[in-house]
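Peer 1: This is the structure I have questions about; it appears just below.
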Amino acid sequence: MTSSSSKTFLVCHGAWSAGWVWKKMHPLMQAAGHRLITPTYTGLGERAHLVHRGLDLEAHIRDMLNVISYEDLRDVVLVGHSYGGMVATGVADRVRERIAQLIYLDAFVPRDGQSLFDLNEPVIETMRELAHDADGWRIPPMPTPPDTSPEDVEWLTARRVDMPIKCFEQKLKLQHGETNLPRSYIYATRTTQADTFGQFARRTRNEAGWRYFEIDASHSPNVTAPEALMALLQEIVS
């Protein structure tokens, strides 16, 4: 089924996971008549065998640009989740003519010249120590939210892999400055004490050019609240 209301969603996934973590969303998207594309960045998921010390944010932006180019995607609804907000921002900057709108799902929203570490300074020391204890450049996965079901914790734990630290250290370079594409922010309200994404909720509620939404879920609603996420995404694009 394709119609004028059918959309192509392209997901820039979060750190430590990969395209597989959007598994529950595929049947929901299909039932709603949409196409969901969830590529995996180099060095993660089924591409974990390609990991190396030099992998950085730019490599992951290029992964997504190549998917758009080779699949000839247009009018894309680009979704950035968590770290994927860094990637999506870079992708939209390079191929804005291919992007219909941007949706940040509990994600980092960098400005030109910012790295993920710039936006999350409290964790830098811990993450550097964790990387040092590994092999100097890999950061092991953060804990899953406490409301994740035991089955999902098992599923996630078996598949999440270490993240190259350069992905968090490299500063985003925008070629065209702040975007004027339609942008929406989804804030997951079941936060941890750190509330890493509260800063972006406050910013996008108050800054021109944004639509702001909340979801009663923890950080990965694609895992813990797929139906609620689907309903919200449908509302945003319709």
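By convention in this document, the chains of the structure tokens carry letters A, B, ... by their order, each chain's residues are numbered from 1, and ligands are numbered from 1 in the order they are shown.
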When DSSP works through the backbone of this structure, what residues of region 116-145 of chain A end up as alpha helix (DSSP H), shown as a list in words?
Peer 2: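 Matching residues, listed in order: Leu116, Phe117, Asp118, Leu119, Ile124, Glu125, Thr126, Met127, Arg128, Glu129, Leu130, Ala131, His132, Asp133 and Ala134 of chain A.
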Peer 1: Mind writing the picked residues with all heavy atoms as a compact mmCIF listing (two decimals), in the first residue's frame?
Peer 2:
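Result saved to part26.txt:
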```txt
# COMPACT_ATOMS: atom_id res chain seq x y z
N LEU A 116 29.09 15.42 20.93
CA LEU A 116 28.18 14.85 21.94
C LEU A 116 28.74 15.13 23.34
O LEU A 116 27.98 15.48 24.25
CB LEU A 116 28.00 13.36 21.71
CG LEU A 116 27.01 12.67 22.67
CD1 LEU A 116 26.19 11.61 21.94
CD2 LEU A 116 27.71 12.03 23.87
N PHE A 117 30.04 15.02 23.51
CA PHE A 117 30.63 15.30 24.83
C PHE A 117 30.39 16.77 25.24
O PHE A 117 30.20 17.05 26.41
CB PHE A 117 32.12 14.98 24.83
CG PHE A 117 32.43 13.53 25.12
CD1 PHE A 117 33.71 13.03 24.92
CD2 PHE A 117 31.46 12.66 25.61
CE1 PHE A 117 34.02 11.69 25.20
CE2 PHE A 117 31.75 11.32 25.89
CZ PHE A 117 33.04 10.84 25.68
N ASP A 118 30.41 17.68 24.27
CA ASP A 118 30.12 19.09 24.60
C ASP A 118 28.71 19.24 25.18
O ASP A 118 28.45 20.13 25.99
CB ASP A 118 30.22 19.97 23.34
CG ASP A 118 31.64 20.14 22.86
OD1 ASP A 118 32.57 20.06 23.69
OD2 ASP A 118 31.84 20.34 21.65
N LEU A 119 27.80 18.37 24.74
CA LEU A 119 26.39 18.44 25.16
C LEU A 119 26.10 17.57 26.37
O LEU A 119 24.97 17.56 26.87
CB LEU A 119 25.49 18.02 23.99
CG LEU A 119 25.57 18.92 22.75
CD1 LEU A 119 24.86 18.27 21.58
CD2 LEU A 119 24.99 20.29 23.05
N ILE A 124 31.68 12.76 30.65
CA ILE A 124 32.94 12.64 29.91
C ILE A 124 33.98 11.84 30.69
O ILE A 124 34.57 10.89 30.17
CB ILE A 124 33.52 14.03 29.54
CG1 ILE A 124 32.55 14.76 28.60
CG2 ILE A 124 34.88 13.88 28.87
CD1 ILE A 124 32.98 16.18 28.26
N GLU A 125 34.16 12.22 31.94
CA GLU A 125 35.21 11.59 32.74
C GLU A 125 34.95 10.08 32.88
O GLU A 125 35.84 9.26 32.67
CB GLU A 125 35.27 12.25 34.12
CG GLU A 125 36.61 12.07 34.80
CD GLU A 125 36.71 12.86 36.11
OE1 GLU A 125 36.14 13.97 36.17
OE2 GLU A 125 37.33 12.33 37.03
N THR A 126 33.70 9.74 33.22
CA THR A 126 33.33 8.33 33.38
C THR A 126 33.57 7.56 32.08
O THR A 126 34.13 6.46 32.09
CB THR A 126 31.84 8.20 33.76
OG1 THR A 126 31.60 9.05 34.88
CG2 THR A 126 31.47 6.78 34.12
N MET A 127 33.13 8.14 30.96
CA MET A 127 33.25 7.44 29.68
C MET A 127 34.71 7.28 29.27
O MET A 127 35.10 6.25 28.73
CB MET A 127 32.44 8.15 28.61
CG MET A 127 30.95 7.97 28.81
SD MET A 127 30.00 8.28 27.30
CE MET A 127 28.37 7.76 27.81
N ARG A 128 35.51 8.30 29.54
CA ARG A 128 36.94 8.17 29.23
C ARG A 128 37.59 7.06 30.07
O ARG A 128 38.43 6.30 29.59
CB ARG A 128 37.66 9.50 29.46
CG ARG A 128 37.33 10.55 28.40
CD ARG A 128 38.40 11.64 28.36
NE ARG A 128 37.96 12.83 27.65
CZ ARG A 128 37.84 12.93 26.33
NH1 ARG A 128 38.12 11.89 25.57
NH2 ARG A 128 37.42 14.05 25.77
N GLU A 129 37.17 6.99 31.33
CA GLU A 129 37.70 5.93 32.22
C GLU A 129 37.28 4.55 31.73
O GLU A 129 38.08 3.60 31.71
CB GLU A 129 37.22 6.15 33.66
CG GLU A 129 38.00 7.23 34.39
CD GLU A 129 37.37 7.60 35.72
OE1 GLU A 129 36.47 6.87 36.19
OE2 GLU A 129 37.77 8.64 36.29
N LEU A 130 36.00 4.44 31.34
CA LEU A 130 35.50 3.15 30.82
C LEU A 130 36.25 2.74 29.57
O LEU A 130 36.61 1.57 29.39
CB LEU A 130 33.99 3.25 30.54
CG LEU A 130 33.07 3.31 31.75
CD1 LEU A 130 31.66 3.71 31.34
CD2 LEU A 130 33.03 1.96 32.47
N ALA A 131 36.49 3.71 28.69
CA ALA A 131 37.22 3.42 27.45
C ALA A 131 38.65 3.00 27.79
O ALA A 131 39.18 2.05 27.21
CB ALA A 131 37.23 4.65 26.54
N HIS A 132 39.23 3.70 28.74
CA HIS A 132 40.61 3.38 29.15
C HIS A 132 40.69 1.95 29.69
O HIS A 132 41.63 1.21 29.39
CB HIS A 132 41.08 4.38 30.20
CG HIS A 132 42.48 4.13 30.67
ND1 HIS A 132 42.77 3.39 31.81
CD2 HIS A 132 43.68 4.49 30.15
CE1 HIS A 132 44.07 3.31 31.95
NE2 HIS A 132 44.66 3.97 30.98
N ASP A 133 39.67 1.57 30.47
CA ASP A 133 39.66 0.23 31.06
C ASP A 133 39.41 -0.85 29.99
O ASP A 133 39.78 -2.01 30.19
CB ASP A 133 38.57 0.11 32.14
CG ASP A 133 38.90 0.97 33.35
OD1 ASP A 133 40.07 1.39 33.47
OD2 ASP A 133 37.99 1.23 34.15
N ALA A 134 38.77 -0.47 28.89
CA ALA A 134 38.57 -1.42 27.79
C ALA A 134 39.89 -1.51 27.03
O ALA A 134 40.79 -2.24 27.42
CB ALA A 134 37.43 -0.98 26.90
```
Peer 1: If we count only C-alpha atoms, what is near region 189-206 of chain A at a cut-off of 12 Å, once residues fewer than 2 positions away on the same chain are taken out, given as a short mmCIF file (atom, residue, chain, number, x, y, z; two decimals) with all heavy atoms, in the first residue's frame?
Peer 2:
```
data_model
loop_
_atom_site.label_atom_id
_atom_site.label_comp_id
_atom_site.auth_asym_id
_atom_site.auth_seq_id
_atom_site.Cartn_x
_atom_site.Cartn_y
_atom_site.Cartn_z
N HIS A 81 17.57 9.23 16.97
CA HIS A 81 17.33 8.82 18.36
C HIS A 81 18.63 8.91 19.15
O HIS A 81 19.65 8.35 18.73
CB HIS A 81 16.79 7.38 18.41
CG HIS A 81 16.65 6.85 19.80
ND1 HIS A 81 17.20 5.66 20.21
CD2 HIS A 81 16.01 7.37 20.89
CE1 HIS A 81 16.92 5.46 21.50
NE2 HIS A 81 16.20 6.48 21.93
N SER A 82 18.61 9.63 20.27
CA SER A 82 19.76 9.70 21.18
C SER A 82 21.00 10.21 20.44
O SER A 82 20.96 11.30 19.85
CB SER A 82 19.97 8.32 21.83
OG SER A 82 20.79 8.41 22.95
N TYR A 83 22.09 9.45 20.43
CA TYR A 83 23.29 9.83 19.65
C TYR A 83 22.92 10.09 18.18
O TYR A 83 23.54 10.92 17.51
CB TYR A 83 24.33 8.70 19.74
CG TYR A 83 25.41 8.70 18.68
CD1 TYR A 83 26.43 9.64 18.70
CD2 TYR A 83 25.42 7.74 17.66
CE1 TYR A 83 27.44 9.63 17.72
CE2 TYR A 83 26.41 7.72 16.69
CZ TYR A 83 27.41 8.67 16.72
OH TYR A 83 28.40 8.65 15.75
N GLY A 85 20.76 11.82 16.98
CA GLY A 85 20.48 13.23 16.73
C GLY A 85 21.70 13.96 16.19
O GLY A 85 21.58 14.88 15.37
N ILE A 103 12.83 14.54 12.86
CA ILE A 103 12.23 14.24 14.16
C ILE A 103 13.35 13.76 15.09
O ILE A 103 14.04 12.78 14.80
CB ILE A 103 11.14 13.15 14.06
CG1 ILE A 103 10.00 13.61 13.14
CG2 ILE A 103 10.58 12.81 15.45
CD1 ILE A 103 8.94 12.54 12.87
N TYR A 104 13.52 14.48 16.18
CA TYR A 104 14.51 14.09 17.19
C TYR A 104 13.78 13.36 18.30
O TYR A 104 12.88 13.92 18.94
CB TYR A 104 15.21 15.33 17.76
CG TYR A 104 16.13 16.01 16.79
CD1 TYR A 104 15.66 16.92 15.86
CD2 TYR A 104 17.51 15.75 16.81
CE1 TYR A 104 16.51 17.56 14.97
CE2 TYR A 104 18.37 16.39 15.92
CZ TYR A 104 17.86 17.29 15.00
OH TYR A 104 18.71 17.92 14.12
N LEU A 105 14.16 12.10 18.52
CA LEU A 105 13.52 11.27 19.55
C LEU A 105 14.46 11.16 20.75
O LEU A 105 15.45 10.44 20.72
CB LEU A 105 13.21 9.89 18.97
CG LEU A 105 12.70 8.83 19.95
CD1 LEU A 105 11.40 9.25 20.62
CD2 LEU A 105 12.50 7.49 19.24
N ASP A 106 14.15 11.94 21.81
CA ASP A 106 14.99 11.94 23.01
C ASP A 106 16.46 11.94 22.59
O ASP A 106 17.24 11.06 22.96
CB ASP A 106 14.67 10.73 23.89
CG ASP A 106 14.65 11.09 25.38
OD1 ASP A 106 14.15 12.19 25.72
OD2 ASP A 106 15.11 10.29 26.21
N ALA A 107 16.81 12.95 21.81
CA ALA A 107 18.08 12.95 21.09
C ALA A 107 18.88 14.22 21.37
O ALA A 107 18.34 15.24 21.79
CB ALA A 107 17.82 12.85 19.58
N PHE A 108 20.17 14.13 21.10
CA PHE A 108 21.04 15.30 21.15
C PHE A 108 20.76 16.18 19.93
O PHE A 108 20.59 15.68 18.82
CB PHE A 108 22.51 14.86 21.14
CG PHE A 108 22.92 14.15 22.39
CD1 PHE A 108 22.89 12.75 22.45
CD2 PHE A 108 23.32 14.85 23.51
CE1 PHE A 108 23.26 12.08 23.62
CE2 PHE A 108 23.69 14.19 24.68
CZ PHE A 108 23.65 12.80 24.73
N VAL A 109 20.72 17.50 20.16
CA VAL A 109 20.52 18.45 19.06
C VAL A 109 21.72 19.40 19.05
O VAL A 109 21.73 20.42 19.74
CB VAL A 109 19.22 19.26 19.23
CG1 VAL A 109 18.98 20.13 17.99
CG2 VAL A 109 18.02 18.35 19.47
N PRO A 110 22.75 19.05 18.29
CA PRO A 110 23.97 19.87 18.31
C PRO A 110 23.84 21.12 17.45
O PRO A 110 23.11 21.14 16.46
CB PRO A 110 25.02 18.93 17.70
CG PRO A 110 24.22 18.08 16.74
CD PRO A 110 22.87 17.89 17.39
N ARG A 111 24.56 22.14 17.85
CA ARG A 111 24.78 23.29 16.97
C ARG A 111 26.13 23.10 16.30
O ARG A 111 26.90 22.19 16.64
CB ARG A 111 24.74 24.58 17.78
CG ARG A 111 23.40 24.82 18.48
CD ARG A 111 23.33 26.25 18.98
NE ARG A 111 22.19 26.48 19.87
CZ ARG A 111 20.96 26.78 19.48
NH1 ARG A 111 20.67 26.86 18.19
NH2 ARG A 111 19.99 27.01 20.36
N LEU A 116 29.09 15.42 20.93
CA LEU A 116 28.18 14.85 21.94
C LEU A 116 28.74 15.13 23.34
O LEU A 116 27.98 15.48 24.25
CB LEU A 116 28.00 13.36 21.71
CG LEU A 116 27.01 12.67 22.67
CD1 LEU A 116 26.19 11.61 21.94
CD2 LEU A 116 27.71 12.03 23.87
N PHE A 117 30.04 15.02 23.51
CA PHE A 117 30.63 15.30 24.83
C PHE A 117 30.39 16.77 25.24
O PHE A 117 30.20 17.05 26.41
CB PHE A 117 32.12 14.98 24.83
CG PHE A 117 32.43 13.53 25.12
CD1 PHE A 117 33.71 13.03 24.92
CD2 PHE A 117 31.46 12.66 25.61
CE1 PHE A 117 34.02 11.69 25.20
CE2 PHE A 117 31.75 11.32 25.89
CZ PHE A 117 33.04 10.84 25.68
N LEU A 119 27.80 18.37 24.74
CA LEU A 119 26.39 18.44 25.16
C LEU A 119 26.10 17.57 26.37
O LEU A 119 24.97 17.56 26.87
CB LEU A 119 25.49 18.02 23.99
CG LEU A 119 25.57 18.92 22.75
CD1 LEU A 119 24.86 18.27 21.58
CD2 LEU A 119 24.99 20.29 23.05
N ASN A 120 27.08 16.81 26.81
CA ASN A 120 26.85 15.88 27.92
C ASN A 120 28.11 15.81 28.80
O ASN A 120 28.65 14.75 29.07
CB ASN A 120 26.50 14.49 27.36
CG ASN A 120 25.85 13.59 28.40
OD1 ASN A 120 25.50 14.04 29.49
ND2 ASN A 120 25.70 12.33 28.07
N GLU A 121 28.53 16.98 29.27
CA GLU A 121 29.81 17.08 29.98
C GLU A 121 29.90 16.21 31.24
O GLU A 121 30.97 15.69 31.54
CB GLU A 121 30.12 18.54 30.30
CG GLU A 121 30.53 19.30 29.05
CD GLU A 121 30.89 20.76 29.31
OE1 GLU A 121 30.62 21.24 30.42
OE2 GLU A 121 31.43 21.40 28.39
N PRO A 122 28.78 16.01 31.99
CA PRO A 122 28.91 15.21 33.22
C PRO A 122 29.42 13.79 33.00
O PRO A 122 29.98 13.20 33.93
CB PRO A 122 27.48 15.18 33.77
CG PRO A 122 26.81 16.38 33.19
CD PRO A 122 27.43 16.58 31.85
N VAL A 123 29.25 13.24 31.81
CA VAL A 123 29.64 11.83 31.60
C VAL A 123 31.05 11.66 31.04
O VAL A 123 31.55 10.54 30.95
CB VAL A 123 28.65 11.09 30.66
CG1 VAL A 123 27.23 11.21 31.16
CG2 VAL A 123 28.79 11.58 29.22
N PRO A 143 23.62 1.33 31.04
CA PRO A 143 22.54 0.44 31.48
C PRO A 143 21.23 0.77 30.75
O PRO A 143 21.00 1.91 30.34
CB PRO A 143 22.40 0.76 32.98
CG PRO A 143 23.61 1.54 33.35
CD PRO A 143 24.16 2.17 32.12
N THR A 144 20.36 -0.24 30.60
CA THR A 144 19.04 -0.01 30.00
C THR A 144 18.12 0.61 31.06
O THR A 144 18.34 0.42 32.25
CB THR A 144 18.41 -1.33 29.51
OG1 THR A 144 18.50 -2.29 30.56
CG2 THR A 144 19.14 -1.88 28.30
N PRO A 145 17.10 1.38 30.63
CA PRO A 145 16.19 2.00 31.60
C PRO A 145 15.52 0.94 32.49
O PRO A 145 15.27 -0.19 32.05
CB PRO A 145 15.15 2.69 30.71
CG PRO A 145 15.86 2.95 29.43
CD PRO A 145 16.79 1.79 29.25
N PRO A 146 15.22 1.30 33.75
CA PRO A 146 14.69 0.33 34.71
C PRO A 146 13.32 -0.26 34.33
O PRO A 146 12.97 -1.33 34.82
CB PRO A 146 14.60 1.13 36.01
CG PRO A 146 14.73 2.55 35.64
CD PRO A 146 15.49 2.60 34.37
N ASP A 147 12.57 0.44 33.47
CA ASP A 147 11.25 -0.10 33.10
C ASP A 147 11.30 -1.02 31.88
O ASP A 147 10.27 -1.40 31.34
CB ASP A 147 10.23 1.03 32.88
CG ASP A 147 10.57 1.91 31.68
OD1 ASP A 147 11.71 1.83 31.17
OD2 ASP A 147 9.70 2.69 31.26
N THR A 148 12.51 -1.39 31.44
CA THR A 148 12.66 -2.33 30.32
C THR A 148 12.34 -3.74 30.82
O THR A 148 12.83 -4.14 31.87
CB THR A 148 14.09 -2.28 29.76
OG1 THR A 148 14.48 -0.92 29.56
CG2 THR A 148 14.20 -3.02 28.44
N ARG A 183 11.12 20.81 12.04
CA ARG A 183 11.75 19.97 13.07
C ARG A 183 10.78 19.73 14.22
O ARG A 183 10.08 20.66 14.65
CB ARG A 183 12.99 20.64 13.63
CG ARG A 183 14.16 20.68 12.70
CD ARG A 183 15.41 21.24 13.35
NE ARG A 183 15.32 22.67 13.62
CZ ARG A 183 16.30 23.39 14.17
NH1 ARG A 183 17.43 22.80 14.52
NH2 ARG A 183 16.16 24.68 14.38
N SER A 184 10.78 18.51 14.70
CA SER A 184 9.99 18.15 15.89
C SER A 184 10.91 17.51 16.91
O SER A 184 11.87 16.81 16.55
CB SER A 184 8.88 17.16 15.53
OG SER A 184 8.01 17.71 14.56
N TYR A 185 10.61 17.75 18.19
CA TYR A 185 11.36 17.11 19.26
C TYR A 185 10.40 16.30 20.11
O TYR A 185 9.36 16.79 20.52
CB TYR A 185 12.08 18.14 20.15
CG TYR A 185 13.15 17.48 21.00
CD1 TYR A 185 14.45 17.33 20.52
CD2 TYR A 185 12.85 16.93 22.26
CE1 TYR A 185 15.43 16.67 21.27
CE2 TYR A 185 13.82 16.28 23.00
CZ TYR A 185 15.11 16.15 22.50
OH TYR A 185 16.06 15.49 23.23
N ILE A 186 10.77 15.03 20.36
CA ILE A 186 9.99 14.17 21.26
C ILE A 186 10.82 13.93 22.52
O ILE A 186 11.91 13.35 22.45
CB ILE A 186 9.67 12.81 20.60
CG1 ILE A 186 8.87 13.00 19.30
CG2 ILE A 186 8.91 11.91 21.58
CD1 ILE A 186 8.67 11.70 18.51
N TYR A 187 10.27 14.38 23.64
CA TYR A 187 10.96 14.22 24.93
C TYR A 187 10.33 13.06 25.68
O TYR A 187 9.12 13.05 25.92
CB TYR A 187 10.83 15.53 25.71
CG TYR A 187 11.43 15.52 27.10
CD1 TYR A 187 12.76 15.16 27.31
CD2 TYR A 187 10.67 15.92 28.19
CE1 TYR A 187 13.31 15.18 28.59
CE2 TYR A 187 11.21 15.96 29.47
CZ TYR A 187 12.53 15.59 29.67
OH TYR A 187 13.06 15.62 30.93
N ALA A 208 12.09 29.12 18.14
CA ALA A 208 11.26 29.14 16.93
C ALA A 208 11.67 28.01 15.99
O ALA A 208 12.82 27.59 15.96
CB ALA A 208 11.42 30.48 16.22
N GLY A 209 10.70 27.50 15.22
CA GLY A 209 11.00 26.49 14.20
C GLY A 209 10.81 25.06 14.67
O GLY A 209 11.04 24.13 13.91
N TRP A 210 10.41 24.88 15.94
CA TRP A 210 10.24 23.54 16.49
C TRP A 210 8.80 23.24 16.83
O TRP A 210 8.06 24.13 17.27
CB TRP A 210 11.05 23.39 17.79
CG TRP A 210 12.53 23.32 17.61
CD1 TRP A 210 13.41 24.36 17.65
CD2 TRP A 210 13.30 22.15 17.36
NE1 TRP A 210 14.69 23.91 17.46
CE2 TRP A 210 14.65 22.54 17.28
CE3 TRP A 210 12.98 20.79 17.22
CZ2 TRP A 210 15.69 21.64 17.06
CZ3 TRP A 210 14.02 19.89 17.00
CH2 TRP A 210 15.35 20.32 16.91
N ARG A 211 8.41 21.97 16.67
CA ARG A 211 7.19 21.45 17.31
C ARG A 211 7.67 20.54 18.43
O ARG A 211 8.61 19.77 18.24
CB ARG A 211 6.35 20.66 16.30
CG ARG A 211 5.78 21.52 15.19
CD ARG A 211 5.31 20.66 14.03
NE ARG A 211 4.07 19.95 14.35
CZ ARG A 211 3.67 18.83 13.75
NH1 ARG A 211 4.42 18.26 12.83
NH2 ARG A 211 2.52 18.27 14.08
N TYR A 212 7.02 20.65 19.57
CA TYR A 212 7.48 19.92 20.75
C TYR A 212 6.43 18.91 21.19
O TYR A 212 5.24 19.23 21.27
CB TYR A 212 7.78 20.92 21.88
CG TYR A 212 8.12 20.25 23.20
CD1 TYR A 212 9.39 19.73 23.42
CD2 TYR A 212 7.16 20.13 24.21
CE1 TYR A 212 9.70 19.10 24.61
CE2 TYR A 212 7.47 19.51 25.41
CZ TYR A 212 8.74 19.00 25.60
OH TYR A 212 9.03 18.37 26.78
N PHE A 213 6.89 17.69 21.49
CA PHE A 213 6.00 16.61 21.91
C PHE A 213 6.62 15.88 23.10
O PHE A 213 7.84 15.89 23.27
CB PHE A 213 5.77 15.60 20.77
CG PHE A 213 5.16 16.20 19.54
CD1 PHE A 213 5.96 16.79 18.57
CD2 PHE A 213 3.78 16.18 19.35
CE1 PHE A 213 5.40 17.35 17.43
CE2 PHE A 213 3.22 16.75 18.21
CZ PHE A 213 4.03 17.33 17.24
N GLU A 214 5.77 15.23 23.87
CA GLU A 214 6.26 14.38 24.96
C GLU A 214 5.68 12.98 24.81
O GLU A 214 4.58 12.82 24.26
CB GLU A 214 5.86 14.97 26.32
CG GLU A 214 6.59 16.27 26.63
CD GLU A 214 6.26 16.84 28.01
OE1 GLU A 214 5.32 16.33 28.66
OE2 GLU A 214 6.96 17.80 28.43
N ILE A 215 6.43 12.00 25.30
CA ILE A 215 5.94 10.63 25.31
C ILE A 215 6.17 10.06 26.71
O ILE A 215 7.24 10.27 27.31
CB ILE A 215 6.62 9.76 24.22
CG1 ILE A 215 5.97 8.38 24.13
CG2 ILE A 215 8.13 9.65 24.43
CD1 ILE A 215 6.36 7.59 22.88
N ASP A 216 5.16 9.39 27.24
CA ASP A 216 5.26 8.78 28.57
C ASP A 216 6.01 7.46 28.43
O ASP A 216 5.41 6.39 28.37
CB ASP A 216 3.86 8.56 29.16
CG ASP A 216 3.92 7.84 30.51
OD1 ASP A 216 5.00 7.85 31.14
OD2 ASP A 216 2.90 7.25 30.91
N ALA A 217 7.33 7.58 28.34
CA ALA A 217 8.18 6.41 28.12
C ALA A 217 9.58 6.76 28.57
O ALA A 217 9.90 7.94 28.78
CB ALA A 217 8.19 6.03 26.64
N SER A 218 10.41 5.74 28.73
CA SER A 218 11.82 5.98 29.02
C SER A 218 12.57 6.18 27.69
O SER A 218 11.95 6.31 26.64
CB SER A 218 12.39 4.83 29.86
OG SER A 218 12.16 3.59 29.22
N HIS A 219 13.88 6.19 27.77
CA HIS A 219 14.71 6.72 26.69
C HIS A 219 14.56 6.02 25.33
O HIS A 219 14.81 6.64 24.30
CB HIS A 219 16.17 6.70 27.14
CG HIS A 219 17.13 7.21 26.12
ND1 HIS A 219 17.03 8.48 25.57
CD2 HIS A 219 18.21 6.63 25.53
CE1 HIS A 219 18.00 8.65 24.70
NE2 HIS A 219 18.73 7.55 24.66
N SER A 220 14.16 4.75 25.31
CA SER A 220 14.04 4.04 24.02
C SER A 220 12.62 3.52 23.81
O SER A 220 12.35 2.32 23.93
CB SER A 220 15.03 2.87 23.96
OG SER A 220 16.35 3.34 24.04
N PRO A 221 11.67 4.42 23.48
CA PRO A 221 10.27 3.99 23.29
C PRO A 221 10.10 3.00 22.14
O PRO A 221 9.13 2.25 22.12
CB PRO A 221 9.51 5.29 23.04
CG PRO A 221 10.51 6.33 22.77
CD PRO A 221 11.82 5.88 23.32
N THR A 224 10.41 0.03 24.49
CA THR A 224 9.51 -0.13 25.65
C THR A 224 8.08 0.34 25.40
O THR A 224 7.18 -0.05 26.13
CB THR A 224 10.07 0.64 26.87
OG1 THR A 224 10.21 2.02 26.52
CG2 THR A 224 11.42 0.08 27.29
N ALA A 225 7.87 1.19 24.38
CA ALA A 225 6.52 1.72 24.13
C ALA A 225 6.28 1.92 22.63
O ALA A 225 5.95 3.01 22.17
CB ALA A 225 6.33 3.05 24.87
#
```
Peer 1: So, with only C-alpha atoms as the atoms that count, which of A:Gln170, A:Ser17, A:Asn66, A:Gln114 lies closest to Gly84 (chain A)?
Peer 2: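 Checking each of A:Gln170, A:Ser17, A:Asn66, A:Gln114 against Gly84 (chain A), counting only C-alpha atoms, the winner is A:Ser17.
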Peer 1: Residues of region 41-183 of chain A in strand (DSSP E or B) according to DSSP, as a short mmCIF file (atom, residue, chain, number, x, y, z; two decimals) with N, CA, C and O atoms, in the first residue's frame?
Peer 2:
```cif
data_model
loop_
_atom_site.label_atom_id
_atom_site.label_comp_id
_atom_site.auth_asym_id
_atom_site.auth_seq_id
_atom_site.Cartn_x
_atom_site.Cartn_y
_atom_site.Cartn_z
N VAL A 76 12.25 12.33 2.73
CA VAL A 76 12.52 11.46 3.87
C VAL A 76 12.08 12.12 5.18
O VAL A 76 12.33 13.31 5.39
N VAL A 77 11.42 11.33 6.04
CA VAL A 77 11.23 11.74 7.43
C VAL A 77 12.43 11.17 8.19
O VAL A 77 12.53 9.96 8.39
N LEU A 78 13.35 12.05 8.55
CA LEU A 78 14.60 11.62 9.16
C LEU A 78 14.45 11.64 10.68
O LEU A 78 14.17 12.67 11.28
N VAL A 79 14.61 10.46 11.30
CA VAL A 79 14.45 10.32 12.75
C VAL A 79 15.82 10.09 13.38
O VAL A 79 16.54 9.16 12.99
N GLY A 80 16.17 10.93 14.34
CA GLY A 80 17.42 10.75 15.08
C GLY A 80 17.10 10.40 16.51
O GLY A 80 16.42 11.16 17.20
N HIS A 81 17.57 9.23 16.97
CA HIS A 81 17.33 8.82 18.36
C HIS A 81 18.63 8.91 19.15
O HIS A 81 19.65 8.35 18.73
N ILE A 99 15.27 15.74 2.37
CA ILE A 99 14.63 15.56 3.67
C ILE A 99 13.34 16.38 3.74
O ILE A 99 13.36 17.58 3.47
N ALA A 100 12.23 15.73 4.11
CA ALA A 100 10.95 16.42 4.27
C ALA A 100 10.87 17.06 5.65
O ALA A 100 10.41 18.20 5.81
N GLN A 101 11.28 16.31 6.66
CA GLN A 101 11.27 16.83 8.03
C GLN A 101 12.20 16.01 8.91
O GLN A 101 12.57 14.89 8.58
N LEU A 102 12.54 16.61 10.03
CA LEU A 102 13.43 15.99 11.02
C LEU A 102 12.65 15.74 12.30
O LEU A 102 11.91 16.61 12.76
N ILE A 103 12.83 14.54 12.86
CA ILE A 103 12.23 14.24 14.16
C ILE A 103 13.35 13.76 15.09
O ILE A 103 14.04 12.78 14.80
N TYR A 104 13.52 14.48 16.18
CA TYR A 104 14.51 14.09 17.19
C TYR A 104 13.78 13.36 18.30
O TYR A 104 12.88 13.92 18.94
N LEU A 105 14.16 12.10 18.52
CA LEU A 105 13.52 11.27 19.55
C LEU A 105 14.46 11.16 20.75
O LEU A 105 15.45 10.44 20.72
N ARG A 138 37.15 2.21 23.28
CA ARG A 138 35.78 1.67 23.20
C ARG A 138 35.05 1.90 24.52
O ARG A 138 35.58 1.60 25.58
N ILE A 139 33.81 2.38 24.41
CA ILE A 139 32.99 2.62 25.60
C ILE A 139 31.90 1.55 25.67
O ILE A 139 31.11 1.41 24.74
N MET A 163 31.12 1.22 21.90
CA MET A 163 31.03 2.37 20.98
C MET A 163 32.39 3.06 20.89
O MET A 163 32.99 3.39 21.92
N PRO A 164 32.88 3.30 19.68
CA PRO A 164 34.16 4.02 19.55
C PRO A 164 34.04 5.44 20.11
O PRO A 164 33.11 6.17 19.77
N ARG A 183 11.12 20.81 12.04
CA ARG A 183 11.75 19.97 13.07
C ARG A 183 10.78 19.73 14.22
O ARG A 183 10.08 20.66 14.65
#
```
Peer 1: Using only C-alpha atoms, which protein or nucleic acid residues come within 10 Å of region 41-54 of chain A? Drop anything in the same chain fewer than 3 positions from it, and give the result as number ranges by chain.
Peer 2: A: 12-21, 38, 57, 59-64, 87, 135-138, 159-167
Peer 1: So which residues touch Thr8 (chain A) within 12 Å, counting only C-alpha atoms, skipping near sequence neighbours fewer than 2 positions away, as a ChimeraX atom specification?
Peer 2: /A:2-6,10-11,26,29-30,32-38,68,71-79,98-102,233-234,237
Peer 1: Can you work out the spacing between CA of Leu65 (chain A) and CA of Met230 (chain A) in Å, to one decimal?
Peer 2: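 Interatomic distance here is 24.7 Å.
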Peer 1: What is the distance, in Å and to one decimal place, between CA of Glu58 (chain A) and CA of Thr89 (chain A)?
Peer 2: 11.3 Å
Peer 1: In Å, with one decimal, what is the gap from CA of Asn180 (chain A) to CA of Ser115 (chain A)?
Peer 2: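 Value for the CA of Asn180 (chain A)-CA of Ser115 (chain A) distance: 20.9 Å.
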